Amino acid sequence: MESSLSHLSSLAEEDNPMYIQPHYKESYRLAIYALLCGGREAYEEFLRAEQISPFLSDEEILFMLENGELPDVEDDFEMKRTMDTGAQSTYFPSESDEEVPDLELGWPEVSLEASDTSISLLFNPPRINTPSIKEVVRKQIQDARQVIAIAMDVFTDVDIFKEIITATLRGVAVYILLDDSHFSSFLAMSLRVGINQQHIERLHLFKLNIRVRTVQGQQYHCQSGMKFHGALEQKFILIDCQTVLYGTYSYTWTCEKINLSMALVITGQLVSSYDEEFRRLFARSTVPALHEDGLRPKHKHILENY
């Protein structure tokens, strides 16, 4: 036990007597470089040689190995230019000269500065004499009059999606931001309710006031050119820029029926922070890249039965 505690104590004192270490460590960058270039064995060999304690979980290592990819031709040119300036691997996304997308369906101007913030807490499964999170989400969508803005990692709940379609038919603008890696699940769900791939790409042509876009997390570049990106883990719905439901609840059957989760229902001044956050996420979002057959290559295996 003593040796184990002694080892943990040494982590806090590594390179610096301060307990709180700086966010960035050059040794970590080089270890990840070894992982992506040479695999797990190269990563572990580097840790041993530099006497660094393991800092990645098995799940993180697997994620990097499975999702690390070489840059496109344009990205490769940009990476070489960046390397020529002396830059190294980075946690931060590449700069882009693409135009920021407009909230073209409209966005209400709401002043909440003088409003007191009110927060109530919901649980799933629901506590006695309280509604379920899904029930509250559906009721909020039904009550929406101007705009519904959703940021979600996974969205496959057909009931909630049908409520959204109904809302558009009464003139409510809907913006949906989804995690890029889970877009295929949303696409499959939409097929089951009769909206195909081309509809998702051009929903405004079908008189539906919906914009569906995808968001990636921060992108990590290695000096070798290898890169991977994180995920969107925001989970909230903004109604008329006046009410927010935010928490750990995803729009899926499993979250409704078997997962333990919670959500905050927020009104008042604090809602403006979610308003701003959604617009920030929308600014970095992209239209799902659908090819001529309507599918991205990595989505085909999921939708081949539809």
# chains A, B, ... in the order shown; residues from 1 in each chain; ligands from 1
$ select_by_dssp --residues "segment 62-292 of chain A" --states "strand (DSSP E or B)" --output "JSON, numbers by chain"
{"A": [69, 90, 118, 119, 120, 121, 122, 123, 124, 147, 148, 149, 150, 151, 152, 155, 173, 174, 175, 176, 177, 178, 179, 210, 211, 212, 213, 214, 215, 219, 220, 221, 227, 228, 229, 236, 237, 238, 239, 243, 244, 245, 246, 247, 251, 261, 262, 263, 264, 265, 266, 267, 286]}
$ residues_around --residues "Ile237 of chain A" --least-positions-apart "5" --cutoff "9 Å" --atoms "only C-alpha atoms" --output "PyMOL selection string"
chain A and resi 137+148-152+243-246
$ atom_distance --atom1 "atom CA of Thr214 of chain A" --atom2 "atom CA of Gly68 of chain A"
19.2 Å
$ atom_distance --atom1 "atom CA of Glu109 of chain A" --atom2 "atom CA of Asn209 of chain A"
18.5 Å
$ select_by_dssp --residues "segment 148-280 of chain A" --states "helix (DSSP H, G or I)" --output "PyMOL selection string"
chain A and resi 158-169+180-192+197-201+203-206+253-257+271-280
$ atom_distance --atom1 "atom CA of Leu264 of chain A" --atom2 "atom CA of Ile119 of chain A"
6.4 Å
$ residues_around --residues "Met64 of chain A" --least-positions-apart "5" --cutoff "10 Å" --atoms "only C-alpha atoms" --output "MDAnalysis selection string"
chainID A and resid 32 35:36 39 59 69 227:230
$ residues_around --residues "Gly171 of chain A" --least-positions-apart "5" --cutoff "12 Å" --atoms "only C-alpha atoms" --output "list in words"
Leu105, Gly106, Gln142, Ala144, Arg145, Gln146, Val147, Ile148, Ile164, Ile165, Thr166, Lys207, Leu208, Asn209 and Ile210 of chain A
$ write_last_selection --atoms "N, CA and C atoms" --output "PDB file, in the first residue's frame"
ATOM      1  N   LEU A 105     -33.324  31.033 -40.706  1.00  0.00           N
ATOM      2  CA  LEU A 105     -34.742  30.887 -40.406  1.00  0.00           C
ATOM      3  C   LEU A 105     -35.230  31.915 -39.392  1.00  0.00           C
ATOM      4  N   GLY A 106     -34.297  32.703 -38.885  1.00  0.00           N
ATOM      5  CA  GLY A 106     -34.645  33.713 -37.898  1.00  0.00           C
ATOM      6  C   GLY A 106     -34.229  33.321 -36.489  1.00  0.00           C
ATOM      7  N   GLN A 142     -44.099  21.469 -27.905  1.00  0.00           N
ATOM      8  CA  GLN A 142     -45.480  21.798 -28.246  1.00  0.00           C
ATOM      9  C   GLN A 142     -45.806  23.256 -27.952  1.00  0.00           C
ATOM     10  N   ALA A 144     -43.623  25.768 -28.071  1.00  0.00           N
ATOM     11  CA  ALA A 144     -42.749  26.691 -28.794  1.00  0.00           C
ATOM     12  C   ALA A 144     -43.530  27.485 -29.828  1.00  0.00           C
ATOM     13  N   ARG A 145     -43.197  28.763 -29.963  1.00  0.00           N
ATOM     14  CA  ARG A 145     -43.882  29.636 -30.909  1.00  0.00           C
ATOM     15  C   ARG A 145     -42.945  30.276 -31.934  1.00  0.00           C
ATOM     16  N   GLN A 146     -41.662  30.383 -31.619  1.00  0.00           N
ATOM     17  CA  GLN A 146     -40.750  31.062 -32.535  1.00  0.00           C
ATOM     18  C   GLN A 146     -39.601  30.172 -33.002  1.00  0.00           C
ATOM     19  N   VAL A 147     -38.863  29.591 -32.067  1.00  0.00           N
ATOM     20  CA  VAL A 147     -37.680  28.830 -32.456  1.00  0.00           C
ATOM     21  C   VAL A 147     -37.419  27.693 -31.481  1.00  0.00           C
ATOM     22  N   ILE A 148     -36.939  26.592 -32.026  1.00  0.00           N
ATOM     23  CA  ILE A 148     -36.454  25.451 -31.246  1.00  0.00           C
ATOM     24  C   ILE A 148     -35.017  25.207 -31.679  1.00  0.00           C
ATOM     25  N   ILE A 164     -41.147  17.673 -33.332  1.00  0.00           N
ATOM     26  CA  ILE A 164     -40.420  18.744 -34.010  1.00  0.00           C
ATOM     27  C   ILE A 164     -41.011  19.007 -35.397  1.00  0.00           C
ATOM     28  N   ILE A 165     -41.298  17.936 -36.128  1.00  0.00           N
ATOM     29  CA  ILE A 165     -41.903  18.102 -37.448  1.00  0.00           C
ATOM     30  C   ILE A 165     -43.241  18.829 -37.323  1.00  0.00           C
ATOM     31  N   THR A 166     -44.029  18.462 -36.333  1.00  0.00           N
ATOM     32  CA  THR A 166     -45.313  19.124 -36.102  1.00  0.00           C
ATOM     33  C   THR A 166     -45.116  20.599 -35.802  1.00  0.00           C
ATOM     34  N   LYS A 207     -40.953  22.811 -47.448  1.00  0.00           N
ATOM     35  CA  LYS A 207     -41.765  23.668 -46.577  1.00  0.00           C
ATOM     36  C   LYS A 207     -41.570  23.370 -45.085  1.00  0.00           C
ATOM     37  N   LEU A 208     -40.474  22.730 -44.730  1.00  0.00           N
ATOM     38  CA  LEU A 208     -40.195  22.477 -43.325  1.00  0.00           C
ATOM     39  C   LEU A 208     -39.087  23.417 -42.873  1.00  0.00           C
ATOM     40  N   ASN A 209     -39.360  24.169 -41.818  1.00  0.00           N
ATOM     41  CA  ASN A 209     -38.397  25.159 -41.343  1.00  0.00           C
ATOM     42  C   ASN A 209     -37.354  24.512 -40.442  1.00  0.00           C
ATOM     43  N   ILE A 210     -36.555  23.614 -41.009  1.00  0.00           N
ATOM     44  CA  ILE A 210     -35.540  22.900 -40.227  1.00  0.00           C
ATOM     45  C   ILE A 210     -34.173  23.057 -40.883  1.00  0.00           C
TER      46      ILE A 210
END
$ residues_around --residues "Val193 of chain A" --least-positions-apart "6" --cutoff "10 Å" --atoms "only C-alpha atoms" --output "ChimeraX atom specification"
/A:158,161-162
$ write_last_selection --atoms "all heavy atoms" --output "CSV table (one decimal), in the first residue's frame"
chain,number,residue,atom,x,y,z
A,158,VAL,N,-37.9,8.8,-32.0
A,158,VAL,CA,-38.9,9.1,-33.0
A,158,VAL,C,-40.0,10.0,-32.5
A,158,VAL,O,-40.5,10.9,-33.2
A,158,VAL,CB,-39.5,7.8,-33.6
A,158,VAL,CG1,-40.7,8.1,-34.5
A,158,VAL,CG2,-38.4,6.9,-34.3
A,161,PHE,N,-38.8,13.5,-32.4
A,161,PHE,CA,-38.6,14.0,-33.8
A,161,PHE,C,-40.0,14.4,-34.4
A,161,PHE,O,-40.1,15.4,-35.1
A,161,PHE,CB,-37.9,13.0,-34.6
A,161,PHE,CG,-37.5,13.5,-36.0
A,161,PHE,CD1,-36.7,14.5,-36.2
A,161,PHE,CD2,-38.1,12.8,-37.1
A,161,PHE,CE1,-36.4,15.0,-37.5
A,161,PHE,CE2,-37.7,13.3,-38.4
A,161,PHE,CZ,-36.9,14.3,-38.6
A,162,LYS,N,-41.0,13.6,-34.2
A,162,LYS,CA,-42.3,13.9,-34.8
A,162,LYS,C,-42.9,15.1,-34.2
A,162,LYS,O,-43.6,15.9,-34.9
A,162,LYS,CB,-43.3,12.7,-34.5
A,162,LYS,CG,-43.0,11.5,-35.4
A,162,LYS,CD,-43.9,10.3,-35.1
A,162,LYS,CE,-43.6,9.1,-36.0
A,162,LYS,NZ,-44.6,8.0,-35.7
$ closest_residue --among "A:Tyr274, A:Ala173, A:Gln223, A:Asp153" --to "Thr248 of chain A" --atoms "only C-alpha atoms"
A:Asp153
$ closest_residue --among "A:Leu70, A:Val212, A:Leu260, A:Leu169" --to "Phe183 of chain A" --atoms "only C-alpha atoms"
A:Val212
$ closest_residue --among "A:Ala31, A:Ala167, A:Ile266, A:Ala289" --to "Tyr43 of chain A" --atoms "only C-alpha atoms"
A:Ala31
$ decode --residues "segment 99-237 of chain A" --atoms "C-alpha atoms" --output "short mmCIF file (atom, residue, chain, number, x, y, z; two decimals), in the first residue's frame"
data_model
loop_
_atom_site.label_atom_id
_atom_site.label_comp_id
_atom_site.auth_asym_id
_atom_site.auth_seq_id
_atom_site.Cartn_x
_atom_site.Cartn_y
_atom_site.Cartn_z
CA GLU A 99 -18.04 32.04 -43.91
CA VAL A 100 -19.93 31.67 -40.65
CA PRO A 101 -23.37 30.19 -41.41
CA ASP A 102 -26.43 32.35 -40.88
CA LEU A 103 -29.39 31.50 -38.69
CA GLU A 104 -31.41 32.02 -41.84
CA LEU A 105 -34.74 30.89 -40.41
CA GLY A 106 -34.65 33.71 -37.90
CA TRP A 107 -33.63 34.13 -34.28
CA PRO A 108 -35.63 36.10 -31.70
CA GLU A 109 -34.05 38.99 -29.85
CA VAL A 110 -34.89 38.38 -26.19
CA SER A 111 -33.67 40.51 -23.28
CA LEU A 112 -33.37 38.53 -20.07
CA GLU A 113 -31.00 40.75 -18.11
CA ALA A 114 -33.68 41.81 -15.65
CA SER A 115 -35.15 38.32 -15.26
CA ASP A 116 -34.36 36.23 -12.22
CA THR A 117 -32.94 32.79 -13.02
CA SER A 118 -35.11 29.85 -12.05
CA ILE A 119 -33.81 26.26 -12.11
CA SER A 120 -35.70 23.05 -11.49
CA LEU A 121 -34.25 19.55 -11.59
CA LEU A 122 -35.73 16.52 -13.33
CA PHE A 123 -34.57 12.92 -13.03
CA ASN A 124 -34.88 9.87 -15.21
CA PRO A 125 -36.51 7.63 -14.18
CA PRO A 126 -38.81 10.31 -12.75
CA ARG A 127 -39.36 10.79 -9.05
CA ILE A 128 -42.83 10.35 -7.54
CA ASN A 129 -45.36 12.93 -8.75
CA THR A 130 -42.95 14.49 -11.24
CA PRO A 131 -43.02 14.26 -15.03
CA SER A 132 -40.36 12.42 -17.01
CA ILE A 133 -37.68 14.34 -18.86
CA LYS A 134 -39.11 13.20 -22.18
CA GLU A 135 -42.59 14.42 -21.24
CA VAL A 136 -41.20 17.86 -20.40
CA VAL A 137 -39.18 17.99 -23.63
CA ARG A 138 -42.27 17.14 -25.69
CA LYS A 139 -44.40 19.70 -23.84
CA GLN A 140 -41.80 22.42 -24.36
CA ILE A 141 -41.69 21.65 -28.10
CA GLN A 142 -45.48 21.80 -28.25
CA ASP A 143 -45.44 25.20 -26.52
CA ALA A 144 -42.75 26.69 -28.79
CA ARG A 145 -43.88 29.64 -30.91
CA GLN A 146 -40.75 31.06 -32.54
CA VAL A 147 -37.68 28.83 -32.46
CA ILE A 148 -36.45 25.45 -31.25
CA ALA A 149 -32.67 25.01 -31.06
CA ILE A 150 -31.27 21.58 -30.21
CA ALA A 151 -27.67 20.58 -29.56
CA MET A 152 -27.44 16.81 -29.04
CA ASP A 153 -24.91 14.03 -29.20
CA VAL A 154 -27.33 11.24 -30.22
CA PHE A 155 -30.86 11.83 -31.54
CA THR A 156 -32.89 8.74 -32.43
CA ASP A 157 -36.11 9.27 -30.46
CA VAL A 158 -38.92 9.08 -33.02
CA ASP A 159 -41.54 10.63 -30.73
CA ILE A 160 -39.50 13.77 -30.11
CA PHE A 161 -38.64 14.03 -33.80
CA LYS A 162 -42.33 13.85 -34.75
CA GLU A 163 -43.07 16.65 -32.27
CA ILE A 164 -40.42 18.74 -34.01
CA ILE A 165 -41.90 18.10 -37.45
CA THR A 166 -45.31 19.12 -36.10
CA ALA A 167 -43.80 22.32 -34.70
CA THR A 168 -42.42 23.28 -38.11
CA LEU A 169 -45.87 22.91 -39.64
CA ARG A 170 -47.14 25.69 -37.38
CA GLY A 171 -44.27 27.95 -38.44
CA VAL A 172 -41.68 27.34 -35.71
CA ALA A 173 -38.05 27.55 -36.91
CA VAL A 174 -35.97 24.54 -35.89
CA TYR A 175 -32.19 24.25 -35.75
CA ILE A 176 -30.64 20.87 -34.91
CA LEU A 177 -26.93 20.42 -34.23
CA LEU A 178 -25.72 16.83 -33.95
CA ASP A 179 -22.42 15.20 -33.14
CA ASP A 180 -20.79 14.39 -36.47
CA SER A 181 -19.97 10.80 -35.55
CA HIS A 182 -23.62 10.05 -34.63
CA PHE A 183 -25.28 11.72 -37.61
CA SER A 184 -25.84 8.36 -39.30
CA SER A 185 -28.08 7.27 -36.43
CA PHE A 186 -30.25 10.37 -36.88
CA LEU A 187 -30.32 9.74 -40.62
CA ALA A 188 -31.50 6.16 -40.12
CA MET A 189 -34.23 7.32 -37.73
CA SER A 190 -35.43 9.95 -40.20
CA LEU A 191 -35.73 7.28 -42.89
CA ARG A 192 -38.00 5.28 -40.64
CA VAL A 193 -40.42 8.19 -40.39
CA GLY A 194 -40.36 8.88 -44.12
CA ILE A 195 -37.78 11.66 -44.48
CA ASN A 196 -34.97 10.59 -46.78
CA GLN A 197 -31.38 11.71 -47.11
CA GLN A 198 -32.04 14.44 -49.66
CA HIS A 199 -34.74 15.90 -47.41
CA ILE A 200 -32.21 16.19 -44.60
CA GLU A 201 -29.87 18.09 -46.92
CA ARG A 202 -32.56 20.43 -48.35
CA LEU A 203 -35.45 20.40 -45.88
CA HIS A 204 -36.45 23.98 -46.76
CA LEU A 205 -37.56 22.79 -50.20
CA PHE A 206 -40.26 20.74 -48.52
CA LYS A 207 -41.77 23.67 -46.58
CA LEU A 208 -40.19 22.48 -43.33
CA ASN A 209 -38.40 25.16 -41.34
CA ILE A 210 -35.54 22.90 -40.23
CA ARG A 211 -31.80 23.18 -40.53
CA VAL A 212 -29.82 20.06 -39.58
CA ARG A 213 -26.07 20.48 -39.22
CA THR A 214 -23.23 18.56 -37.59
CA VAL A 215 -20.52 19.61 -35.16
CA GLN A 216 -17.12 18.11 -34.40
CA GLY A 217 -15.17 18.61 -31.22
CA GLN A 218 -11.71 20.13 -31.05
CA GLN A 219 -9.26 18.84 -33.64
CA TYR A 220 -5.84 17.56 -32.64
CA HIS A 221 -3.03 17.73 -35.22
CA CYS A 222 0.26 15.86 -35.01
CA GLN A 223 3.44 17.06 -36.64
CA SER A 224 3.32 13.90 -38.77
CA GLY A 225 0.06 15.10 -40.32
CA MET A 226 -2.11 12.63 -38.44
CA LYS A 227 -5.20 14.16 -36.87
CA PHE A 228 -8.36 13.27 -34.96
CA HIS A 229 -11.20 15.26 -33.50
CA GLY A 230 -13.36 15.12 -30.43
CA ALA A 231 -17.13 14.93 -30.07
CA LEU A 232 -20.07 17.21 -29.37
CA GLU A 233 -21.26 16.31 -25.89
CA GLN A 234 -23.55 19.27 -25.33
CA LYS A 235 -27.12 18.14 -24.65
CA PHE A 236 -29.69 20.91 -24.49
CA ILE A 237 -32.81 22.29 -26.12
#
